[in-house]
$ cat query-v6.cif   # mmCIF, C-alpha atoms and all ligand atoms
data_coords
loop_
_atom_site.label_atom_id
_atom_site.label_comp_id
_atom_site.auth_asym_id
_atom_site.auth_seq_id
_atom_site.Cartn_x
_atom_site.Cartn_y
_atom_site.Cartn_z
CA MET A 1 -58.70 161.69 156.60
CA LEU A 2 -61.44 160.16 158.71
CA TYR A 3 -61.88 156.51 159.54
CA ASN A 4 -64.23 154.34 161.54
CA GLU A 5 -63.81 151.26 163.76
CA LYS A 6 -63.96 149.05 160.70
CA LYS A 7 -60.94 150.95 159.38
CA GLU A 8 -62.87 152.27 156.41
CA ALA A 9 -61.31 155.58 155.54
CA CYS A 10 -62.63 158.68 153.90
CA ILE A 11 -60.10 160.96 152.23
CA ILE A 12 -61.07 164.61 151.97
CA ASP A 13 -59.26 167.17 149.80
CA PRO A 14 -56.01 165.30 149.18
CA GLY A 15 -53.06 167.64 148.71
CA CYS A 16 -50.34 165.07 147.99
CA TYR A 17 -48.54 167.07 145.33
CA PHE A 18 -45.08 165.76 146.07
CA GLN A 19 -44.02 162.12 146.12
CA GLU A 20 -43.00 162.32 149.78
CA GLU A 21 -46.54 163.46 150.68
CA ARG A 22 -47.92 160.48 148.77
CA ASP A 23 -45.52 158.13 150.53
CA LYS A 24 -46.52 159.57 153.88
CA LEU A 25 -50.22 159.05 153.19
CA THR A 26 -49.67 155.53 151.88
CA LEU A 27 -47.58 154.64 154.91
CA PHE A 28 -50.22 156.01 157.30
CA ILE A 29 -52.89 153.94 155.57
CA LYS A 30 -50.74 150.80 155.67
CA GLU A 31 -49.57 151.22 159.25
CA ASN A 32 -53.12 151.69 160.47
CA GLY A 33 -54.52 148.92 158.29
CA LEU A 34 -57.00 151.30 156.68
CA LYS A 35 -59.08 150.76 153.60
CA PRO A 36 -59.86 153.99 151.72
CA VAL A 37 -63.46 153.78 150.55
CA LEU A 38 -64.44 157.37 149.81
CA LEU A 39 -62.82 160.40 148.19
CA LEU A 40 -64.47 163.77 148.84
CA ASN A 41 -63.59 167.28 147.66
CA THR A 42 -65.10 170.21 149.57
CA HIS A 43 -64.24 172.26 146.48
CA CYS A 44 -61.82 172.02 143.58
CA HIS A 45 -59.10 174.58 144.13
CA LEU A 46 -55.69 173.22 143.31
CA ASP A 47 -54.47 172.47 146.78
CA HIS A 48 -57.61 170.44 147.45
CA VAL A 49 -57.49 168.27 144.30
CA PHE A 50 -53.76 167.76 143.64
CA GLY A 51 -53.97 164.21 144.98
CA ASN A 52 -57.21 163.12 143.28
CA LYS A 53 -55.52 161.22 140.47
CA PHE A 54 -53.06 159.52 142.78
CA ILE A 55 -55.82 158.48 145.21
CA SER A 56 -58.01 157.34 142.37
CA ASP A 57 -55.24 155.32 140.70
CA THR A 58 -54.13 153.76 143.96
CA TRP A 59 -57.46 152.90 145.57
CA GLN A 60 -59.88 153.07 142.61
CA LEU A 61 -61.98 155.85 144.11
CA LYS A 62 -63.97 158.49 142.26
CA PRO A 63 -63.91 162.06 143.52
CA HIS A 64 -67.23 163.23 144.97
CA ILE A 65 -67.85 166.93 144.31
CA HIS A 66 -70.73 169.36 143.89
CA GLU A 67 -71.66 169.80 140.25
CA LYS A 68 -71.01 173.54 140.44
CA GLU A 69 -67.32 172.79 141.01
CA LYS A 70 -66.94 171.17 137.60
CA PRO A 71 -65.60 174.34 135.94
CA VAL A 72 -63.28 174.95 138.87
CA LEU A 73 -61.87 171.45 138.50
CA ALA A 74 -61.51 171.88 134.75
CA PHE A 75 -59.56 175.09 135.32
CA ALA A 76 -57.16 173.48 137.82
CA PRO A 77 -54.39 172.57 135.34
CA GLN A 78 -54.30 176.14 133.97
CA SER A 79 -54.26 177.51 137.44
CA ALA A 80 -51.43 175.12 138.27
CA GLN A 81 -49.43 176.38 135.28
CA MET A 82 -49.76 179.92 136.58
CA TRP A 83 -48.31 178.78 139.89
CA GLY A 84 -45.55 176.85 138.11
CA LEU A 85 -46.89 173.60 139.57
CA PRO A 86 -47.95 171.48 136.60
CA PHE A 87 -49.83 168.35 137.54
CA ASP A 88 -51.84 165.45 136.20
CA ASN A 89 -55.49 166.34 136.72
CA TYR A 90 -57.94 163.56 137.40
CA GLU A 91 -59.85 162.98 134.15
CA GLY A 92 -62.14 160.10 135.06
CA GLU A 93 -65.71 159.90 136.18
CA LEU A 94 -67.02 162.15 138.93
CA VAL A 95 -69.77 161.60 141.44
CA PHE A 96 -71.92 164.64 142.15
CA LEU A 97 -73.16 165.35 145.63
CA LYS A 98 -76.31 167.34 146.28
CA GLU A 99 -76.94 169.71 149.14
CA GLY A 100 -79.38 168.40 151.68
CA GLY A 101 -78.22 164.86 150.97
CA LYS A 102 -76.14 162.53 153.07
CA ILE A 103 -73.01 160.59 152.39
CA THR A 104 -72.45 157.38 154.26
CA ILE A 105 -69.33 155.55 155.31
CA GLY A 106 -70.08 152.35 157.19
CA GLU A 107 -72.49 153.23 159.97
CA ASP A 108 -71.62 156.91 159.94
CA SER A 109 -73.06 159.59 157.76
CA PHE A 110 -72.40 163.20 156.94
CA ASP A 111 -74.94 165.83 156.04
CA ILE A 112 -73.95 167.66 152.89
CA LEU A 113 -74.15 171.41 153.48
CA PHE A 114 -74.05 173.77 150.50
CA THR A 115 -71.61 176.52 151.50
CA PRO A 116 -70.68 178.53 148.39
CA GLY A 117 -68.90 181.88 148.37
CA HIS A 118 -65.23 180.93 148.49
CA SER A 119 -65.91 178.75 145.48
CA PRO A 120 -69.23 178.39 143.60
CA GLY A 121 -69.88 174.78 144.59
CA SER A 122 -68.23 174.53 148.01
CA ILE A 123 -69.79 171.91 150.22
CA SER A 124 -69.14 170.99 153.83
CA PHE A 125 -69.57 167.67 155.58
CA TYR A 126 -71.33 167.74 158.91
CA SER A 127 -71.32 164.89 161.39
CA GLU A 128 -73.96 165.48 164.05
CA LYS A 129 -72.90 162.36 165.90
CA GLY A 130 -69.23 163.30 165.77
CA GLY A 131 -69.93 166.95 166.59
CA PHE A 132 -67.79 168.33 163.80
CA VAL A 133 -67.93 169.83 160.34
CA MET A 134 -65.30 169.46 157.61
CA GLY A 135 -65.57 172.91 156.15
CA GLY A 136 -62.95 173.32 153.44
CA ASP A 137 -62.10 176.99 152.96
CA VAL A 138 -65.38 178.49 154.22
CA LEU A 139 -64.64 179.45 157.82
CA PHE A 140 -61.23 179.58 159.48
CA SER A 141 -60.18 180.19 163.04
CA GLY A 142 -60.59 183.99 163.20
CA SER A 143 -60.96 184.32 159.45
CA ILE A 144 -62.95 183.32 156.38
CA GLY A 145 -62.13 181.99 152.93
CA ARG A 146 -60.95 184.43 150.26
CA THR A 147 -63.58 185.49 147.76
CA ASP A 148 -61.45 187.00 144.99
CA LEU A 149 -60.99 183.80 143.01
CA PRO A 150 -63.24 182.94 140.02
CA GLY A 151 -66.78 182.22 141.17
CA GLY A 152 -66.11 183.63 144.63
CA ASP A 153 -68.50 186.10 146.25
CA PHE A 154 -68.19 187.74 149.66
CA HIS A 155 -71.90 188.11 150.48
CA THR A 156 -72.60 184.56 149.38
CA LEU A 157 -69.84 183.33 151.68
CA ILE A 158 -71.12 185.31 154.68
CA ASN A 159 -74.61 184.02 154.01
CA SER A 160 -73.32 180.43 153.84
CA ILE A 161 -71.58 180.81 157.19
CA GLN A 162 -74.60 182.40 158.85
CA THR A 163 -77.21 179.99 157.53
CA GLN A 164 -75.24 176.72 157.29
CA PHE A 165 -72.58 176.99 160.01
CA PHE A 166 -73.87 179.36 162.68
CA THR A 167 -77.05 177.31 162.97
CA LEU A 168 -75.04 174.25 164.11
CA PRO A 169 -74.54 173.60 167.84
CA ASP A 170 -71.97 175.92 169.45
CA ASP A 171 -69.67 173.09 170.46
CA THR A 172 -69.38 171.80 166.88
CA LYS A 173 -65.72 171.57 165.90
CA VAL A 174 -64.78 173.13 162.58
CA TYR A 175 -61.97 171.46 160.66
CA SER A 176 -60.86 173.87 157.97
CA GLY A 177 -58.76 173.39 154.88
CA HIS A 178 -56.03 175.51 156.46
CA GLY A 179 -55.06 176.47 159.98
CA PRO A 180 -56.14 175.29 163.43
CA VAL A 181 -59.42 173.67 164.42
CA THR A 182 -62.03 175.98 165.92
CA THR A 183 -65.66 175.77 167.07
CA ILE A 184 -68.89 177.31 165.86
CA GLY A 185 -69.45 178.98 169.25
CA PHE A 186 -65.99 180.55 169.31
CA GLU A 187 -66.34 181.94 165.78
CA LYS A 188 -69.83 183.29 166.51
CA MET A 189 -68.34 185.30 169.36
CA ASN A 190 -65.00 186.24 167.90
CA ASN A 191 -64.87 186.07 164.13
CA PRO A 192 -64.32 189.64 162.92
CA PHE A 193 -65.74 188.99 159.45
CA VAL A 194 -69.10 187.43 160.22
CA LYS A 195 -71.73 189.15 162.30
CA LEU A 196 -74.59 187.25 163.89
CA TYR A 197 -77.47 188.14 161.58
ZN ZN A 201 -59.97 177.06 148.20
ZN ZN A 202 -57.51 175.83 150.27
#
$ encode --input "query-v6.cif" --output "structure tokens"
Amino acid sequence: MLYNEKKEACIIDPGCYFQEERDKLTLFIKENGLKPVLLLNTHCHLDHVFGNKFISDTWQLKPHIHEKEKPVLAFAPQSAQMWGLPFDNYEGELVFLKEGGKITIGEDSFDILFTPGHSPGSISFYSEKGGFVMGGDVLFSGSIGRTDLPGGDFHTLINSIQTQFFTLPDDTKVYSGHGPVTTIGFEKMNNPFVKLY
């Protein structure tokens, strides 16, 4: 979750599968006097959309996704069954984000980067001012997203990282869907999966 001085909050990829996770999020929002105004999904794998319905019901927000993630979202309940984790998928209206566009929260804005490969419609949110990118499951500290799930493709993912991530300033922080924060510069030097062009 990101928030600005006006306490407007942007929720990205809410997990919140269990009630205690929901309570924790709600408490954090209350204690900090935040007002959730935006719900974003970098992509629609289960662990990134579990909380969509809860967030939507609680704060009346619509998930913002790339249109190419629609089938991934539609498949989520089946995928959840396979994991033995049935859940209530969000069924309401969606807002589609386009690559090259911007999404604004208060005075801040994110560039929408199209970073497919791990999932067909993965997008990342880049804040030039903040010096960070919210990258979902594209690039991890010392690793990359898996590409064996439906719609995944290894070469597409590598290309996304090289053209969309490795062209950002070296000191850009990368917040991934899993694992520790890293930087573009560190991954350029050390990531064993992605070579520099
Ligand atoms: Zn994923
Ligand atoms: Zn994930």
$ closest_residue --input "query-v6.cif" --among "A:Glu31, A:Glu91, A:Asp148, A:Glu107" --to "Ser119 of chain A" --atoms "only C-alpha atoms"
A:Asp148
$ residues_around --input "query-v6.cif" --residues "Pro169 of chain A" --least-positions-apart "5" --cutoff "12 Å" --atoms "only C-alpha atoms" --output "short mmCIF file (atom, residue, chain, number, x, y, z; two decimals) with C-alpha atoms, keeping the file's coordinate frame"
data_model
loop_
_atom_site.label_atom_id
_atom_site.label_comp_id
_atom_site.auth_asym_id
_atom_site.auth_seq_id
_atom_site.Cartn_x
_atom_site.Cartn_y
_atom_site.Cartn_z
CA TYR A 126 -71.33 167.74 158.91
CA SER A 127 -71.32 164.89 161.39
CA GLU A 128 -73.96 165.48 164.05
CA LYS A 129 -72.90 162.36 165.90
CA GLY A 130 -69.23 163.30 165.77
CA GLY A 131 -69.93 166.95 166.59
CA PHE A 132 -67.79 168.33 163.80
CA VAL A 133 -67.93 169.83 160.34
CA GLN A 164 -75.24 176.72 157.29
CA VAL A 174 -64.78 173.13 162.58
CA THR A 183 -65.66 175.77 167.07
CA ILE A 184 -68.89 177.31 165.86
CA GLY A 185 -69.45 178.98 169.25
CA PHE A 186 -65.99 180.55 169.31
CA GLU A 187 -66.34 181.94 165.78
CA LYS A 188 -69.83 183.29 166.51
#
$ closest_residue --input "query-v6.cif" --among "A:Thr156, A:Gln162, A:Ser143, A:Ser176" --to "ligand ZN 202 (chain A)" --atoms "only C-alpha atoms and all ligand atoms"
A:Ser176
$ residues_around --input "query-v6.cif" --residues "segment 11-21 of chain A" --least-positions-apart "6" --cutoff "10 Å" --atoms "all atoms listed in the file" --output "VMD selection string"
chain A and resid 1 to 3 27 36 to 55 61 63 to 64 85 to 88 125 134 136 177
$ atom_distance --input "query-v6.cif" --atom1 "atom CA of Lys30 of chain A" --atom2 "atom CA of Gly106 of chain A"
19.5 Å
$ closest_residue --input "query-v6.cif" --among "A:Pro116, A:Pro180, A:Gly121, A:Gly152" --to "Phe140 of chain A" --atoms "only C-alpha atoms"
A:Pro180
$ closest_residue --input "query-v6.cif" --among "A:Pro120, A:Gly101, A:Pro192, A:Gly92" --to "Glu67 of chain A" --atoms "only C-alpha atoms"
A:Pro120
$ closest_residue --input "query-v6.cif" --among "A:Leu149, A:Val95, A:Leu25, A:Ile105" --to "ligand ZN 202 (chain A)" --atoms "all atoms listed in the file"
A:Leu149
$ closest_residue --input "query-v6.cif" --among "A:Thr172, A:Gln60, A:Ser122, A:Asn89" --to "ligand ZN 201 (chain A)" --atoms "only C-alpha atoms and all ligand atoms"
A:Ser122
$ atom_distance --input "query-v6.cif" --atom1 "atom CA of Phe110 of chain A" --atom2 "atom CA of Asn4 of chain A"
12.9 Å
$ atom_distance --input "query-v6.cif" --atom1 "atom CA of Ser56 of chain A" --atom2 "atom CA of Arg146 of chain A"
28.4 Å
$ residues_around --input "query-v6.cif" --residues "Asn159 of chain A" --least-positions-apart "5" --cutoff "10 Å" --atoms "all atoms listed in the file" --output "list in words"
Thr115, Pro116, Gly117, Phe154, Gln164, Phe165, Phe166, Val194 and Tyr197 of chain A
$ write_last_selection --input "query-v6.cif" --atoms "C-alpha atoms" --output "PDB file, in the coordinates of the input"
ATOM      1  CA  THR A 115     -71.610 176.520 151.500  1.00  0.00           C
ATOM      2  CA  PRO A 116     -70.680 178.530 148.390  1.00  0.00           C
ATOM      3  CA  GLY A 117     -68.900 181.880 148.370  1.00  0.00           C
ATOM      4  CA  PHE A 154     -68.190 187.740 149.660  1.00  0.00           C
ATOM      5  CA  GLN A 164     -75.240 176.720 157.290  1.00  0.00           C
ATOM      6  CA  PHE A 165     -72.580 176.990 160.010  1.00  0.00           C
ATOM      7  CA  PHE A 166     -73.870 179.360 162.680  1.00  0.00           C
ATOM      8  CA  VAL A 194     -69.100 187.430 160.220  1.00  0.00           C
ATOM      9  CA  TYR A 197     -77.470 188.140 161.580  1.00  0.00           C
TER      10      TYR A 197
END
